[in-house]
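Undergrad: The structure file input.cif (mmCIF, C-alpha atoms and all ligand atoms) is provided below.
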data_input
#
loop_
_atom_site.label_atom_id
_atom_site.label_comp_id
_atom_site.auth_asym_id
_atom_site.auth_seq_id
_atom_site.Cartn_x
_atom_site.Cartn_y
_atom_site.Cartn_z
CA MET I 1 -17.04 19.89 24.11
CA SER I 2 -13.40 20.97 24.16
CA ARG I 3 -10.80 18.95 26.07
CA SER I 4 -7.03 18.53 26.01
CA VAL I 5 -5.00 15.60 24.72
CA LEU I 6 -1.29 14.89 25.01
CA MET I 7 0.12 14.27 21.53
CA LYS I 8 3.62 12.89 21.08
CA VAL I 9 4.74 13.83 17.57
CA TYR I 10 8.02 12.77 15.98
CA ARG I 11 10.23 15.75 15.11
CA GLY I 12 13.60 15.60 13.40
CA GLU I 13 15.42 15.14 10.10
CA GLN I 14 16.92 12.14 8.27
CA GLY I 15 15.90 9.73 11.03
CA THR I 16 17.56 11.63 13.84
CA GLY I 17 14.80 12.96 16.05
CA ALA I 18 12.53 12.26 18.97
CA LEU I 19 8.93 12.45 20.10
CA HIS I 20 7.89 15.96 21.17
CA ASP I 21 5.01 16.59 23.55
CA TYR I 22 2.14 18.87 22.59
CA GLN I 23 -0.86 19.40 24.85
CA VAL I 24 -3.61 20.15 22.36
CA PRO I 25 -7.22 21.25 22.95
CA ILE I 26 -9.47 19.15 20.71
CA ASP I 27 -13.10 19.37 19.64
CA ASP I 28 -15.68 16.74 18.83
CA GLY I 29 -15.31 15.22 15.40
CA MET I 30 -11.62 15.95 14.97
CA VAL I 31 -9.32 13.52 13.18
CA VAL I 32 -5.59 13.12 13.84
CA LEU I 33 -4.75 15.35 10.86
CA ASP I 34 -6.88 18.16 12.39
CA VAL I 35 -4.82 17.90 15.57
CA ILE I 36 -1.56 18.04 13.60
CA HIS I 37 -2.87 21.15 11.83
CA ARG I 38 -3.79 22.68 15.19
CA ILE I 39 -0.24 22.07 16.44
CA GLN I 40 1.07 23.75 13.29
CA ALA I 41 -1.29 26.71 13.81
CA THR I 42 -0.45 27.23 17.46
CA GLU I 43 2.88 25.80 18.60
CA ALA I 44 4.95 24.47 15.71
CA PRO I 45 4.42 26.17 12.32
CA ASP I 46 7.46 24.33 10.96
CA LEU I 47 6.07 20.84 11.72
CA ALA I 48 6.32 18.98 8.39
CA CYS I 49 3.55 16.64 7.29
CA ARG I 50 2.17 15.64 3.92
CA TRP I 51 -1.54 15.80 3.10
CA ASN I 52 -3.80 16.84 0.29
CA CYS I 53 -7.43 15.73 0.14
CA LYS I 54 -8.41 15.26 3.80
CA ALA I 55 -10.90 12.72 2.47
CA GLY I 56 -9.01 9.41 2.44
CA LYS I 57 -8.49 9.54 -1.31
CA CYS I 58 -5.02 10.96 -2.08
CA GLY I 59 -2.96 8.62 0.11
CA SER I 60 -0.66 11.46 1.22
CA CYS I 61 -1.23 11.66 4.97
CA SER I 62 0.04 8.17 5.84
CA ALA I 63 1.71 7.94 9.24
CA GLU I 64 1.88 5.65 12.27
CA VAL I 65 -0.69 6.52 14.92
CA ASN I 66 -0.01 4.75 18.20
CA GLY I 67 2.38 2.53 16.25
CA LYS I 68 -0.15 1.44 13.63
CA PRO I 69 0.03 2.55 9.98
CA ALA I 70 -3.00 4.75 9.27
CA LEU I 71 -4.28 7.70 7.27
CA MET I 72 -4.25 10.67 9.63
CA CYS I 73 -7.26 12.20 7.90
CA MET I 74 -9.36 9.08 8.44
CA THR I 75 -8.37 8.36 12.03
CA ARG I 76 -10.96 9.92 14.33
CA MET I 77 -9.67 11.09 17.67
CA ASP I 78 -12.66 9.52 19.44
CA THR I 79 -11.49 6.07 18.31
CA LEU I 80 -8.24 6.53 20.29
CA ASN I 81 -7.75 6.32 24.04
CA GLN I 82 -7.40 9.99 24.95
CA GLU I 83 -6.54 9.19 28.55
CA LYS I 84 -3.08 8.16 27.33
CA PRO I 85 -0.59 10.05 25.13
CA ILE I 86 -1.22 9.55 21.42
CA THR I 87 1.91 9.04 19.29
CA VAL I 88 2.20 10.16 15.67
CA GLU I 89 5.29 9.01 13.81
CA PRO I 90 6.43 8.78 10.17
CA LEU I 91 6.24 5.54 8.16
CA GLN I 92 9.14 3.32 9.19
CA THR I 93 9.74 1.42 5.95
CA PHE I 94 10.91 4.37 3.86
CA PRO I 95 13.80 6.84 4.26
CA HIS I 96 12.96 9.63 6.66
CA VAL I 97 12.99 13.20 5.36
CA ARG I 98 11.65 15.44 8.10
CA ASP I 99 9.13 15.18 10.97
CA LEU I 100 6.22 13.14 9.57
CA VAL I 101 7.45 13.10 5.96
CA THR I 102 9.20 10.14 4.35
CA ASP I 103 10.60 9.58 0.87
CA VAL I 104 8.34 7.02 -0.83
CA SER I 105 9.95 7.34 -4.28
CA TRP I 106 11.24 3.74 -4.10
CA ASN I 107 7.66 2.67 -4.79
CA TYR I 108 7.63 4.49 -8.13
CA THR I 109 10.86 2.79 -9.14
CA VAL I 110 9.27 -0.58 -8.38
CA ASN I 111 6.20 0.39 -10.39
CA LYS I 112 8.27 1.26 -13.47
CA LYS I 113 9.61 -2.31 -13.61
CA ILE I 114 6.10 -3.69 -14.20
CA GLN I 115 5.15 -4.19 -17.83
CA PRO I 116 2.20 -1.86 -18.42
CA PHE I 117 -1.26 -2.81 -19.65
CA THR I 118 -0.94 -4.56 -23.03
CA PRO I 119 -4.36 -5.07 -24.65
CA ARG I 120 -5.08 -7.75 -27.24
CA PRO I 121 -6.13 -6.58 -30.73
CA LYS I 122 -9.75 -5.56 -31.17
CA ASP I 123 -12.30 -8.04 -32.45
CA ALA I 124 -13.13 -8.10 -36.19
CA ASP I 125 -15.99 -5.66 -35.60
CA GLY I 126 -13.64 -3.18 -33.89
CA LYS I 127 -14.92 -3.88 -30.38
CA GLN I 128 -13.27 -5.27 -27.27
CA ARG I 129 -15.47 -7.53 -25.17
CA MET I 130 -15.22 -8.42 -21.49
CA TYR I 131 -17.60 -10.27 -19.23
CA GLN I 132 -18.85 -8.42 -16.17
CA TYR I 133 -17.42 -11.05 -13.81
CA GLU I 134 -13.97 -10.45 -15.35
CA VAL I 135 -14.31 -6.72 -14.78
CA ASP I 136 -15.50 -7.27 -11.21
CA ARG I 137 -12.48 -9.45 -10.39
CA VAL I 138 -9.94 -6.68 -11.06
CA GLN I 139 -12.09 -3.74 -9.99
CA GLU I 140 -11.09 -4.15 -6.33
CA PHE I 141 -7.43 -3.54 -7.11
CA ARG I 142 -8.22 -0.28 -8.89
CA LYS I 143 -9.39 1.24 -5.61
CA CYS I 144 -5.76 1.56 -4.44
CA ILE I 145 -4.91 5.15 -3.44
CA GLU I 146 -1.16 4.45 -3.15
CA CYS I 147 -0.99 5.36 0.52
CA PHE I 148 1.71 2.67 0.95
CA LEU I 149 0.43 1.70 4.39
CA CYS I 150 0.56 -1.92 3.25
CA GLN I 151 4.19 -1.48 2.20
CA ASP I 152 4.94 0.10 5.59
CA VAL I 153 3.49 -2.74 7.64
CA CYS I 154 4.90 -5.65 5.60
CA HIS I 155 7.66 -7.26 7.66
CA VAL I 156 9.54 -8.36 4.52
CA LEU I 157 10.25 -4.69 3.81
CA ARG I 158 9.96 -3.16 7.26
CA ASN I 159 12.00 -5.64 9.30
CA HIS I 160 14.04 -7.48 6.70
CA GLY I 161 14.70 -4.60 4.29
CA LYS I 162 14.14 -6.72 1.16
CA HIS I 163 13.46 -3.67 -0.99
CA GLU I 164 15.71 -5.02 -3.75
CA GLU I 165 14.08 -8.44 -3.89
CA PHE I 166 10.42 -7.87 -2.98
CA ALA I 167 8.00 -5.43 -4.62
CA GLY I 168 5.63 -5.43 -1.65
CA PRO I 169 1.87 -5.89 -1.35
CA ARG I 170 0.85 -2.72 -3.19
CA PHE I 171 2.60 -3.95 -6.32
CA MET I 172 1.36 -7.50 -5.91
CA ALA I 173 -2.10 -5.93 -6.17
CA ARG I 174 -1.04 -4.03 -9.29
CA LEU I 175 0.51 -7.13 -10.85
CA ALA I 176 -2.66 -9.09 -10.09
CA SER I 177 -4.82 -6.38 -11.64
CA LEU I 178 -2.84 -6.68 -14.87
CA GLU I 179 -2.42 -10.46 -14.90
CA MET I 180 -6.16 -10.97 -14.31
CA HIS I 181 -7.27 -8.26 -16.74
CA PRO I 182 -9.43 -9.90 -19.42
CA LEU I 183 -7.93 -7.84 -22.27
CA ASP I 184 -4.29 -7.98 -21.25
CA VAL I 185 -1.98 -10.35 -23.14
CA ALA I 186 1.41 -9.63 -21.51
CA ASP I 187 3.05 -12.39 -19.48
CA ARG I 188 4.43 -11.05 -16.19
CA LEU I 189 4.73 -14.34 -14.27
CA LYS I 190 8.51 -14.52 -14.48
CA HIS I 191 8.63 -10.99 -13.07
CA VAL I 192 6.12 -11.92 -10.36
CA LYS I 193 8.42 -14.79 -9.36
CA ASP I 194 11.91 -13.32 -9.79
CA GLY I 195 11.68 -9.53 -10.02
CA ALA I 196 8.79 -8.89 -7.64
CA GLY I 197 9.71 -11.85 -5.42
CA VAL I 198 6.23 -13.16 -4.58
CA GLY I 199 7.86 -16.06 -2.72
CA PHE I 200 8.98 -13.72 0.06
CA CYS I 201 5.38 -13.22 1.17
CA ASN I 202 4.38 -15.67 3.87
CA ILE I 203 0.72 -14.65 3.88
CA THR I 204 0.54 -12.96 7.27
CA LYS I 205 -2.27 -10.70 5.93
CA CYS I 206 -1.00 -7.64 7.84
CA CYS I 207 -1.16 -5.67 4.58
CA SER I 208 -4.86 -6.41 4.08
CA GLU I 209 -5.59 -5.38 7.68
CA VAL I 210 -4.24 -1.83 7.27
CA CYS I 211 -5.53 -1.13 3.74
CA PRO I 212 -7.92 1.84 4.00
CA GLU I 213 -9.64 0.71 0.80
CA HIS I 214 -10.23 -2.76 2.27
CA ILE I 215 -8.56 -4.45 -0.67
CA HIS I 216 -8.13 -8.17 0.05
CA ILE I 217 -4.49 -7.98 -1.01
CA THR I 218 -3.41 -11.35 0.33
CA ASP I 219 -6.45 -13.44 -0.55
CA ASN I 220 -7.35 -11.93 -3.90
CA ALA I 221 -3.97 -10.81 -5.29
CA ILE I 222 -1.01 -12.53 -3.67
CA ILE I 223 -2.38 -16.04 -3.22
CA PRO I 224 -3.68 -16.24 -6.83
CA LEU I 225 -0.30 -14.96 -8.06
CA LYS I 226 1.49 -17.57 -5.97
CA GLU I 227 -0.78 -20.26 -7.46
CA ARG I 228 -0.06 -19.09 -11.00
CA VAL I 229 3.69 -19.10 -10.33
CA ALA I 230 3.48 -22.58 -8.79
CA ASP I 231 1.49 -23.89 -11.78
CA ARG I 232 3.91 -22.37 -14.29
CA PHE I 233 7.26 -23.06 -12.67
CA TYR I 234 6.81 -25.91 -10.21
CA ASP I 235 4.04 -28.17 -11.59
CA PRO I 236 5.94 -31.16 -13.10
CA LEU I 237 3.28 -31.77 -15.76
CA GLN I 238 3.28 -28.18 -16.95
CA MET I 239 7.07 -28.17 -16.92
CA LEU I 240 7.07 -31.33 -19.07
CA PHE I 241 4.59 -29.76 -21.53
CA ARG I 242 6.79 -26.70 -21.78
CA VAL I 243 9.89 -28.78 -22.45
CA LEU I 244 8.06 -30.84 -25.08
CA GLY I 245 6.63 -27.67 -26.59
CA GLY I 246 10.08 -26.15 -26.74
CA LYS I 247 9.16 -23.20 -24.47
S1 LIG Q 301 0.73 -11.02 3.57
FE1 LIG Q 301 2.69 -10.96 2.49
S2 LIG Q 301 2.77 -8.96 1.53
FE2 LIG Q 301 1.15 -8.87 3.11
S3 LIG Q 301 2.19 -8.08 4.93
FE3 LIG Q 301 2.29 -10.32 5.05
S4 LIG Q 301 4.26 -10.91 4.10
FE4 LIG Q 301 3.81 -8.76 3.50
S1 LIG Q 302 -3.23 -1.57 -1.51
FE1 LIG Q 302 -4.35 -0.46 0.13
S2 LIG Q 302 -2.81 -0.08 1.71
FE2 LIG Q 302 -1.70 -0.64 -0.14
S3 LIG Q 302 -1.18 1.29 -1.15
FE3 LIG Q 302 -3.14 0.61 -2.02
S4 LIG Q 302 -4.74 1.55 -0.78
FE4 LIG Q 302 -2.82 1.75 0.38
S1 LIG Q 303 -5.09 13.78 3.12
FE1 LIG Q 303 -5.59 12.54 1.39
S2 LIG Q 303 -5.72 10.53 2.20
FE2 LIG Q 303 -5.42 11.80 3.94
#
What would the structure in this file look like if it were written as structure tokens?
TA:
Amino acid sequence: MSRSVLMKVYRGEQGTGALHDYQVPIDDGMVVLDVIHRIQATEAPDLACRWNCKAGKCGSCSAEVNGKPALMCMTRMDTLNQEKPITVEPLQTFPHVRDLVTDVSWNYTVNKKIQPFTPRPKDADGKQRMYQYEVDRVQEFRKCIECFLCQDVCHVLRNHGKHEEFAGPRFMARLASLEMHPLDVADRLKHVKDGAGVGFCNITKCCSEVCPEHIHITDNAIIPLKERVADRFYDPLQMLFRVLGGK
């Protein structure tokens, strides 16, 4: 059954813009991205938005729907109150480019600072062995689609602008995936503490709440990293052992 919904979509460049009203006829089963495409097809062919897979897997269509970070292609219109205007705005944590598009390249700069996977040498028989429980522990983090919704919602970046000091939840998950990898031998704890700034996180769990892959970023990545940093750098006994061991 076709009906009409008032969409308020952010239009503008470099952060100077405003919400524009579009009265859009919608059909059953539509998602927010469908409605944006309908606006492009009918009223605003120059409306800029980023998307690719329309299946929740490429992480491109991230935006803020009614003020909440979400994938437009996975947000069904029938989950929103259509009696009221529905707002669609760009991510707030990254520099604005145009309309619904932001520049997320800062994330790739952060990623480059992380020491990549560094496997230990193979066993004498040429094989590398892992237990299934070790594989399971890091598997969750590999589901990340780099939508950066978690980065967008994190108040350390969004409200306090600590982009220089804090890598953000997405990269805490990546650091955890490497630090917990059973074959990896690199030591990234100093980077976790100083470069990535794990101490800035105060465990609000907002990042986990918006993750479309339902990764338990706070519980399974950030808290274990915080514990490892505390053990290494703040446990008096370990500090004493390190001093005695000359490390
Ligand atoms: S739990 Fe930490 S990383 Fe996640 S949103 Fe809160 S402060 Fe940011
Ligand atoms: S951890 Fe989740 S919310 Fe963050 S970038 Fe990856 S998939 Fe997106
Ligand atoms: S278009 Fe790929 S995640 Fe939405």
Undergrad: Show me, as a Markdown table, the residues of chain I having an atom within 7 Å of ligand LIG 303 (chain Q), each with the closest atom pair and its distance in Å, using only C-alpha atoms and all ligand atoms.
TA:
| residue | atom | partner | partner_atom | distance |
| --- | --- | --- | --- | --- |
| I:Trp51 | CA | Q:LIG303 | S1 | 4.1 |
| I:Asn52 | CA | Q:LIG303 | S1 | 4.4 |
| I:Cys53 | CA | Q:LIG303 | FE1 | 3.9 |
| I:Lys54 | CA | Q:LIG303 | S1 | 3.7 |
| I:Ala55 | CA | Q:LIG303 | FE1 | 5.4 |
| I:Gly56 | CA | Q:LIG303 | S2 | 3.5 |
| I:Lys57 | CA | Q:LIG303 | S2 | 4.6 |
| I:Cys58 | CA | Q:LIG303 | FE1 | 3.9 |
| I:Gly59 | CA | Q:LIG303 | S2 | 4.0 |
| I:Ser60 | CA | Q:LIG303 | FE1 | 5.0 |
| I:Cys61 | CA | Q:LIG303 | FE2 | 4.3 |
| I:Ser62 | CA | Q:LIG303 | FE2 | 6.8 |
| I:Leu71 | CA | Q:LIG303 | FE2 | 5.4 |
| I:Met72 | CA | Q:LIG303 | FE2 | 5.9 |
| I:Cys73 | CA | Q:LIG303 | FE2 | 4.4 |
| I:Met74 | CA | Q:LIG303 | FE2 | 6.6 |
Undergrad: So for ligand LIG 302 (chain Q), what box centre and size do we get, axis-aligned, 5 Å extra on each of the six sides, every listed atom, Å to one decimal, as lines of an AutoDock Vina configuration file?
TA:
center_x = -3.0
center_y = 0.1
center_z = -0.2
size_x = 13.6
size_y = 13.3
size_z = 13.7
Undergrad: To one decimal place in Å, what is the distance between CA of Cys49 in chain I and CA of Val65 in chain I?
TA: 13.4 Å
Undergrad: So which residues are near ligand LIG 301 (chain Q), meaning at most 7 Å away with only C-alpha atoms and all ligand atoms counted, given back as a PyMOL selection string?
TA: chain I and resi 150+153-156+168-169+200-208+218
Undergrad: Give me, please, the distance in Å between CA of Asp21 in chain I and CA of Thr79 in chain I, quoted to one decimal.
TA: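 Pair CA of Asp21 in chain I / CA of Thr79 in chain I returns 20.3 Å.
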Undergrad: Which residues are near ligand LIG 302 (chain Q) in this structure, taking near to mean any atom at most 7 Å from a ligand atom and counting only C-alpha atoms and all ligand atoms? Format them as a list in words.
TA: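 The neighbouring residues of ligand LIG 302 (chain Q) are, in order, Gly59, Lys143, Cys144, Ile145, Glu146, Cys147, Phe148, Leu149, Cys150, Gln151, Pro169, Arg170, Ala173, Cys207, Val210, Cys211, Pro212, Glu213, His214, Ile215 and Ile217 of chain I.
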Undergrad: Could you jot down the CA of Ala70 in chain I to CA of Asp136 in chain I separation for me, Å, one decimal place?
TA: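 CA of Asp136 in chain I lies at a distance of 26.8 Å from CA of Ala70 in chain I.
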Undergrad: Find the residues near Gln128 in chain I: any atom within 12 Å, counting only C-alpha atoms, skip ones fewer than 5 places away on the same chain, and give them as number ranges by chain.
TA: I: 119-123, 182-184
Undergrad: Give me the residues near Leu178 in chain I as a PyMOL selection string, where near means some atom within 9 Å (using only C-alpha atoms) and where sequence neighbours in that chain fewer than 2 positions away do not count.
TA: chain I and resi 115-118+138+173-176+180-182+184+186+188
Undergrad: Mind dumping the selected residues with C-alpha atoms as an mmCIF file, keeping the file's coordinate frame?
TA:
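Output (result.cif):
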data_model
loop_
_atom_site.group_PDB
_atom_site.id
_atom_site.type_symbol
_atom_site.label_atom_id
_atom_site.label_comp_id
_atom_site.auth_asym_id
_atom_site.auth_seq_id
_atom_site.Cartn_x
_atom_site.Cartn_y
_atom_site.Cartn_z
ATOM 1 C CA GLN I 115 5.150 -4.190 -17.830
ATOM 2 C CA PRO I 116 2.200 -1.860 -18.420
ATOM 3 C CA PHE I 117 -1.260 -2.810 -19.650
ATOM 4 C CA THR I 118 -0.940 -4.560 -23.030
ATOM 5 C CA VAL I 138 -9.940 -6.680 -11.060
ATOM 6 C CA ALA I 173 -2.100 -5.930 -6.170
ATOM 7 C CA ARG I 174 -1.040 -4.030 -9.290
ATOM 8 C CA LEU I 175 0.510 -7.130 -10.850
ATOM 9 C CA ALA I 176 -2.660 -9.090 -10.090
ATOM 10 C CA MET I 180 -6.160 -10.970 -14.310
ATOM 11 C CA HIS I 181 -7.270 -8.260 -16.740
ATOM 12 C CA PRO I 182 -9.430 -9.900 -19.420
ATOM 13 C CA ASP I 184 -4.290 -7.980 -21.250
ATOM 14 C CA ALA I 186 1.410 -9.630 -21.510
ATOM 15 C CA ARG I 188 4.430 -11.050 -16.190
#
Undergrad: Mind checking which residues fall within 12 Å of Glu83 in chain I, counting only C-alpha atoms, ignoring those fewer than 4 positions away in the same chain, and posting them as a list of chain:residue names?
TA: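 Residues near the query, excluding close chain neighbours: I:Arg3, I:Ser4, I:Val5, I:Leu6, I:Met7, I:Met77, I:Asp78, I:Thr79.
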Undergrad: Filtering to C-alpha atoms, could you give me those residues as a PDB file, in the coordinates of the input?
TA:
ATOM      1  CA  ARG I   3     -10.800  18.950  26.070  1.00  0.00           C
ATOM      2  CA  SER I   4      -7.030  18.530  26.010  1.00  0.00           C
ATOM      3  CA  VAL I   5      -5.000  15.600  24.720  1.00  0.00           C
ATOM      4  CA  LEU I   6      -1.290  14.890  25.010  1.00  0.00           C
ATOM      5  CA  MET I   7       0.120  14.270  21.530  1.00  0.00           C
ATOM      6  CA  MET I  77      -9.670  11.090  17.670  1.00  0.00           C
ATOM      7  CA  ASP I  78     -12.660   9.520  19.440  1.00  0.00           C
ATOM      8  CA  THR I  79     -11.490   6.070  18.310  1.00  0.00           C
TER       9      THR I  79
END
Undergrad: Counting all atoms listed in the file, which of I:Phe141, I:Tyr133, I:Phe241, I:Tyr10 gets nearest to His216 in chain I?
TA: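 Checking each candidate against His216 in chain I, we get I:Phe141 as the closest.
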Undergrad: Which of these residues is nearest to Glu89 in chain I, using all atoms listed in the file: I:Val110, I:Ala63, I:Ala230, I:Val135?
TA: I:Ala63
Undergrad: Mind filling out range 61-90 of chain I with N, CA and C atoms and sending it as a compact mmCIF listing (two decimals), in the coordinates of the input?
TA:
# COMPACT_ATOMS: atom_id res chain seq x y z
N CYS I 61 -1.40 11.37 3.54
CA CYS I 61 -1.23 11.66 4.97
C CYS I 61 -0.89 10.40 5.79
N SER I 62 -0.31 9.40 5.14
CA SER I 62 0.04 8.17 5.84
C SER I 62 1.04 8.42 6.96
N ALA I 63 0.80 7.81 8.09
CA ALA I 63 1.71 7.94 9.24
C ALA I 63 1.47 6.73 10.14
N GLU I 64 2.12 6.72 11.29
CA GLU I 64 1.88 5.65 12.27
C GLU I 64 1.27 6.29 13.51
N VAL I 65 0.03 5.96 13.78
CA VAL I 65 -0.69 6.52 14.92
C VAL I 65 -0.74 5.44 16.00
N ASN I 66 -0.17 5.75 17.14
CA ASN I 66 -0.01 4.75 18.20
C ASN I 66 0.64 3.47 17.66
N GLY I 67 1.60 3.66 16.77
CA GLY I 67 2.38 2.53 16.25
C GLY I 67 1.74 1.77 15.11
N LYS I 68 0.53 2.19 14.70
CA LYS I 68 -0.15 1.44 13.63
C LYS I 68 -0.25 2.31 12.38
N PRO I 69 0.15 1.77 11.20
CA PRO I 69 0.03 2.55 9.98
C PRO I 69 -1.43 2.95 9.73
N ALA I 70 -1.64 4.25 9.45
CA ALA I 70 -3.00 4.75 9.27
C ALA I 70 -2.98 6.06 8.50
N LEU I 71 -4.11 6.37 7.86
CA LEU I 71 -4.28 7.70 7.27
C LEU I 71 -4.67 8.66 8.38
N MET I 72 -3.92 9.73 8.54
CA MET I 72 -4.25 10.67 9.63
C MET I 72 -5.61 11.32 9.42
N CYS I 73 -5.98 11.52 8.16
CA CYS I 73 -7.26 12.20 7.90
C CYS I 73 -8.46 11.30 8.12
N MET I 74 -8.23 10.00 8.25
CA MET I 74 -9.36 9.08 8.44
C MET I 74 -9.36 8.45 9.82
N THR I 75 -8.45 8.92 10.68
CA THR I 75 -8.37 8.36 12.03
C THR I 75 -9.02 9.33 13.01
N ARG I 76 -10.22 9.02 13.42
CA ARG I 76 -10.96 9.92 14.33
C ARG I 76 -10.33 9.87 15.72
N MET I 77 -10.24 11.03 16.33
CA MET I 77 -9.67 11.09 17.67
C MET I 77 -10.51 10.29 18.67
N ASP I 78 -11.82 10.22 18.45
CA ASP I 78 -12.66 9.52 19.44
C ASP I 78 -12.55 8.00 19.33
N THR I 79 -11.75 7.51 18.36
CA THR I 79 -11.49 6.07 18.31
C THR I 79 -10.21 5.72 19.09
N LEU I 80 -9.50 6.74 19.56
CA LEU I 80 -8.24 6.53 20.29
C LEU I 80 -8.45 6.77 21.78
N ASN I 81 -7.67 6.12 22.60
CA ASN I 81 -7.75 6.32 24.04
C ASN I 81 -7.09 7.66 24.40
N GLN I 82 -7.92 8.64 24.70
CA GLN I 82 -7.40 9.99 24.95
C GLN I 82 -6.91 10.17 26.38
N GLU I 83 -7.07 9.14 27.18
CA GLU I 83 -6.54 9.19 28.55
C GLU I 83 -5.02 9.00 28.54
N LYS I 84 -4.52 8.39 27.46
CA LYS I 84 -3.08 8.16 27.33
C LYS I 84 -2.51 9.03 26.22
N PRO I 85 -1.19 9.29 26.24
CA PRO I 85 -0.59 10.05 25.13
C PRO I 85 -0.82 9.33 23.81
N ILE I 86 -1.02 10.11 22.77
CA ILE I 86 -1.22 9.55 21.42
C ILE I 86 0.03 9.86 20.59
N THR I 87 0.68 8.83 20.07
CA THR I 87 1.91 9.04 19.29
C THR I 87 1.58 9.15 17.80
N VAL I 88 2.29 10.04 17.12
CA VAL I 88 2.20 10.16 15.67
C VAL I 88 3.62 10.17 15.13
N GLU I 89 3.92 9.17 14.32
CA GLU I 89 5.29 9.01 13.81
C GLU I 89 5.27 8.79 12.30
N PRO I 90 6.39 9.02 11.62
CA PRO I 90 6.43 8.78 10.17
C PRO I 90 6.44 7.29 9.87
